[in-house]
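Here's the structure, in structure tokens; my notes come after.
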Amino acid sequence: MRVLVTGLGTFWGSRLAQQLEQRDDVEIVVGLDTTEPRLPLEHTEFVRADSSYSILARIVKAAKIDTILHTHLLFDSTSSTGRALHEINVIGTMNLLAAAGAAGSPVRKVVVKSSTLVYGANYKDPNSFREEMSRTSSPRTEVERSLIEAASFLRDFAEDNPHVTVTKLRFSNVLGDDIDTVFSKALRMPVVPEIFGFDPRFQFTHEDDVEGALLFATTNDVPGVYNIAGDGTLPWSEVCAIVGKPRVPLPPLLTNWAVEPLRMTRVIDLPPEMLSLLRYGRGVDNRRFKRTGYRYNYTTAGTVDAFARGLRLEHVIGDKQPSYRYQSDVETFFRHSPAIVRTDP
Amino acid sequence: MTRPPDPPVVNLVAEEQRAALRNPLEDAVTVSRSLVPIPVAPVSNQPADADLRRGDVDAWGRSERVRAIARTIYDPMYRYWFRAEWEGLENVPTDGGALIVANHAAAIPSDAPVIMHGLEVELQRAVYGLAENLFRTLPVIGTLWSRTGGVPAHPDNAYRLLHDEQQLVLVFPEGAKGTGKHYRDRYKLRRFGRGGFVEIAMRAGVPIVPIAVVGAEESMPILWKSKRLAALLNLPYFPITANTLLFGPVGLLTYFPAKFKLRVLPPIHLDVEPDQERYSRSRVMEESEKIRDQIQIALYDMLRTRRSVWFG
């Protein structure tokens, strides 16, 4: 297998590349991103590219890439602008799929990491979304619109290229020690926001399951769309109780205006898609992916508990310092210098 | 991963002697025991979900703890105010899923709590009540409604509850058309939606149990409705009830003590293959109409024998 990973500079990308390197059936791993990898990688080749991947078609052809792992989609609208969301999620995916679908392309598998944000959160929603259901309200935020547009490109790609296995994984809200999401930011606050009178259900995925599911989809043939989420749902009040944080109510009316001062003072940014989640919550049906044989490591309650443990440790020892920094000349030295004694056959 | 302890070492000679006497059936059992390992639950370092939970809210937002409190509070209302009286309770299945359908009345429906409370108390079975998803938009009320067993009326929710979880699900096919009708139209059933409830029961492969309810109509009768105010407040209807005329705003929370009588009709088993993509529309409408007729006939029958609105 010759794998190309997009978003090597993101947490997922680096973790996945590390995992792929360990496997015997993976010949080469090429990582693409605008930023440097976060974790030390042994033989993954890092290529710095612009966010719209204009260079991709050349890499695919030159390196005979047969599997593309597209992890570089942004879901956190608090840490990127609307422009960047559009550029990365829509234009990036479009260029990626154009390169993968070009005439004579060696690509045989595409795995995309998407989000359950595409379902939205609305009072008309079913208790849990199945993969074939569509959202009940029109998307109003840039992140949701960009993900839906990216999904339509992927659908077209799968239709035009029946010889390519296309897998799309929709991850529910992710929590974990090593990753910042809108929810982990909110739960790290001394007090956690809620909307007065609402206590919706949430379903979480542990970061290990994100990695596990992506790896599973890369190494097995599981075409189609799948929801990825831990078993069970928890009401928001219980999530906060497990993490051990008191809640402060936001007004149920004009909530978006009420959080504006918090945004402006940089206390916390609660984007509109998070506010509608705090009001109505979201559950997804995770049974389809289980039927493919994947076993989850964490349930929703287990995910929240693991996050709470990490948080307690963090309170004692403070922020973990990143132990690794990518330096291009050092990496080149270790990989290509004749001075290095290589023991592998 | 830990394995169950190995069986104790046995005396081989004695075992051989016994083997000669063994009947073949027993042998088969022994062999299968040694060949097919008993599945051992994987021992993960994750604590079980039950140990992590701080509350008991289930996948539907229902909490047995909240429900028990609600039952304690509501029980005097059920017993001494409405004096609910059941007939034909044996028609409600004691296990497996079933879709309960009933006629719907009163400006703020009094029949849903009576049926849910009654079935839970009499049969010790949880009942999930499907209702307008507009409930979800109301702060506090929406949460309490959900904790006490309310579920937004989405076809997929009903299917999961009935098919996947084999629960009792209560639905009022008339919907707001039933609760929003004038007092002069009491006990005249409205249209039963588009028969969606029949289709769900068919798909889930569960019986439909119709219930005729007498008493709810008189507990909060609507005398007059304002279309303009309803449109302004974005409500399905804006009623002036006899209760508010008598008691003012308190009337919004006060029911008249009408005597409740509930008759459970025999369950209807729809003789179709479950889990089909779609069902014949004519068949669905026919069944829906049949159930509506049955409830209507039962209501007329019960009203014929009713001597007093208040004493039954």
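Identifiers in the structure tokens: chain A, B, ... in order shown; residue index from 1 per chain; ligand index from 1 in order shown.
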
Pick out each residue of region 91-287 of chain B that DSSP on the backbone tags as strand (DSSP E or B); I need them as a PyMOL selection string. chain B and resi 98-102+127-131+150-152+168-171+208-214+222-225+239-241+261-264+268

Proximity check chain A to chain B, 9 Å, nearest pairs one decimal Å, only C-alpha atoms, as a tab-separated table:
residue	atom	partner	partner_atom	distance
A:Tyr123	CA	B:Arg136	CA	5.9
A:Lys124	CA	B:Asn133	CA	6.1
A:Asp125	CA	B:His154	CA	7.7
A:Pro126	CA	B:His154	CA	5.8
A:Asn127	CA	B:Asn157	CA	5.9
A:Ser128	CA	B:Asn157	CA	7.9
A:Phe129	CA	B:Asp156	CA	8.9
A:Ile195	CA	B:Pro139	CA	8.5
A:Phe196	CA	B:Pro139	CA	6.7
A:Gly197	CA	B:Val140	CA	4.0
A:Phe198	CA	B:Pro139	CA	5.6
A:Asp199	CA	B:Thr143	CA	6.3
A:Pro200	CA	B:Thr143	CA	7.9
A:Arg201	CA	B:Gly61	CA	7.2
A:Gly232	CA	B:Ala59	CA	6.6
A:Thr233	CA	B:Ala59	CA	5.9
A:Leu234	CA	B:Val57	CA	7.4
A:Pro235	CA	B:Val57	CA	7.2
A:Glu238	CA	B:Arg54	CA	6.2
A:Val239	CA	B:Arg54	CA	8.8
A:Ala241	CA	B:Arg54	CA	7.1
A:Ile242	CA	B:Arg54	CA	6.9
A:Pro252	CA	B:Pro139	CA	6.9
A:Arg279	CA	B:Thr137	CA	8.2
A:Tyr280	CA	B:Arg136	CA	7.5
A:Gly283	CA	B:Ala59	CA	8.7
A:Asn297	CA	B:Gln46	CA	8.4
A:Tyr298	CA	B:Gln46	CA	7.6
A:Thr299	CA	B:Asp49	CA	7.4
A:Thr300	CA	B:Asp49	CA	8.6
A:Ala301	CA	B:Asp49	CA	6.1
A:Gly302	CA	B:Asp49	CA	6.6
A:Asp305	CA	B:Leu52	CA	7.0
A:Ala306	CA	B:Gln46	CA	8.8

The distance between CA of Arg263 (chain A) and CA of Glu142 (chain A) is 17.2 Å

Find the residues near Leu96 (chain A): any atom within 7 Å, counting only C-alpha atoms, skip ones fewer than 3 places away on the same chain, and give them as a list in words. Tyr53, Leu56, Gly92, Thr93, Ala99 and Ala100 of chain A

N, CA and C atoms of the current selection, written as a tab-separated table (two decimals), in the first residue's frame:
chain	number	residue	atom	x	y	z
A	53	TYR	N	-3.86	22.25	-2.27
A	53	TYR	CA	-3.29	21.01	-2.84
A	53	TYR	C	-3.08	21.06	-4.35
A	56	LEU	N	-0.88	18.27	-5.70
A	56	LEU	CA	-1.25	16.89	-5.41
A	56	LEU	C	-1.19	15.94	-6.60
A	92	GLY	N	-9.89	22.44	-1.08
A	92	GLY	CA	-8.92	21.38	-0.82
A	92	GLY	C	-9.45	20.02	-1.26
A	93	THR	N	-10.69	19.71	-0.83
A	93	THR	CA	-11.27	18.42	-1.19
A	93	THR	C	-11.47	18.31	-2.69
A	99	ALA	N	-7.36	15.28	-8.45
A	99	ALA	CA	-6.09	14.59	-8.67
A	99	ALA	C	-6.27	13.08	-8.59
A	100	ALA	N	-7.10	12.64	-7.63
A	100	ALA	CA	-7.30	11.21	-7.45
A	100	ALA	C	-8.08	10.61	-8.60

Write out as a PyMOL selection string which residues come within 8 Å of Thr10 (chain A) when counting only C-alpha atoms, dropping same-chain ones fewer than 2 positions away. chain A and resi 7-8+12-14+37-38+72

Put those residues in a file: C-alpha atoms, as a PDB file, in the first residue's frame.
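So the final result, stored in out30.pdb, reads:
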ATOM      1  CA  GLY A   7      -3.196  17.157   7.084  1.00  0.00           C
ATOM      2  CA  LEU A   8       0.027  15.681   8.397  1.00  0.00           C
ATOM      3  CA  TRP A  12      -4.785  13.084  13.424  1.00  0.00           C
ATOM      4  CA  GLY A  13      -2.502  13.183  10.453  1.00  0.00           C
ATOM      5  CA  SER A  14       0.623  12.702  12.521  1.00  0.00           C
ATOM      6  CA  PRO A  37       4.182  17.252  11.530  1.00  0.00           C
ATOM      7  CA  ARG A  38       3.478  17.252  15.250  1.00  0.00           C
ATOM      8  CA  HIS A  72      -7.487  17.623   6.606  1.00  0.00           C
TER       9      HIS A  72
END

Tell me, as a PyMOL selection string, which residues lie within 7 Å of region 259-268 of chain B, counting only C-alpha atoms; anything in the same chain fewer than 5 positions away does not count. chain B and resi 82-89+91+207-216+309-312

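Across the model, the gap from CA of Ala98 (chain A) to CA of Arg58 (chain A) is 11.7 Å.
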
Check the smallest atom-to-atom distance from each of A:Pro251, A:Gly224, A:Pro106, A:Gly281 to Asn173 (chain A) using only C-alpha atoms, then report the winner.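 Using only C-alpha atoms, Asn173 (chain A) sits closest to A:Gly281.
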
Can you list, as a ChimeraX atom specification, every protein, DNA or RNA residue that comes within 8 Å of Gly178 (chain B) when you count only C-alpha atoms, leaving out same-chain residues fewer than 3 positions away? /B:103-105,174-175,181,189-190

At a cut-off of 8 Å, using only C-alpha atoms, what residues contact Leu117 (chain A)? Leave out same-chain residues fewer than 5 positions from it and give the result as an MDAnalysis selection string. chainID A and resid 75 144 172 273

Could you tell me, as JSON, numbers by chain, which residues of region 57-285 of chain B DSSP assigns to helix (DSSP H, G or I) when given the backbone? {"B": [64, 65, 66, 67, 68, 69, 70, 71, 72, 73, 74, 75, 76, 77, 78, 79, 80, 81, 89, 90, 91, 111, 112, 113, 114, 115, 116, 117, 118, 119, 120, 121, 122, 123, 133, 134, 135, 136, 137, 141, 142, 143, 144, 145, 146, 147, 155, 156, 157, 158, 159, 160, 161, 162, 163, 164, 176, 177, 178, 179, 183, 184, 185, 196, 197, 198, 199, 200, 201, 202, 203, 204, 216, 217, 218, 219, 227, 228, 229, 230, 231, 232, 233, 242, 243, 244, 245, 246, 247, 248, 249, 250, 251, 252, 281, 282, 283, 284, 285]}

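Among the candidate residues A:Val60, A:Val284, A:Val267, A:Ala158, the one lying nearest to Ser115 (chain A) is A:Val284, with distances computed using only C-alpha atoms.
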
So which one's closest to Arg130 (chain A), A:Arg170, A:Lys245, A:His70, A:Arg188? Using only C-alpha atoms, please. A:Arg170

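CA of Phe202 (chain A) is positioned 10.1 Å from CA of Ala229 (chain A).
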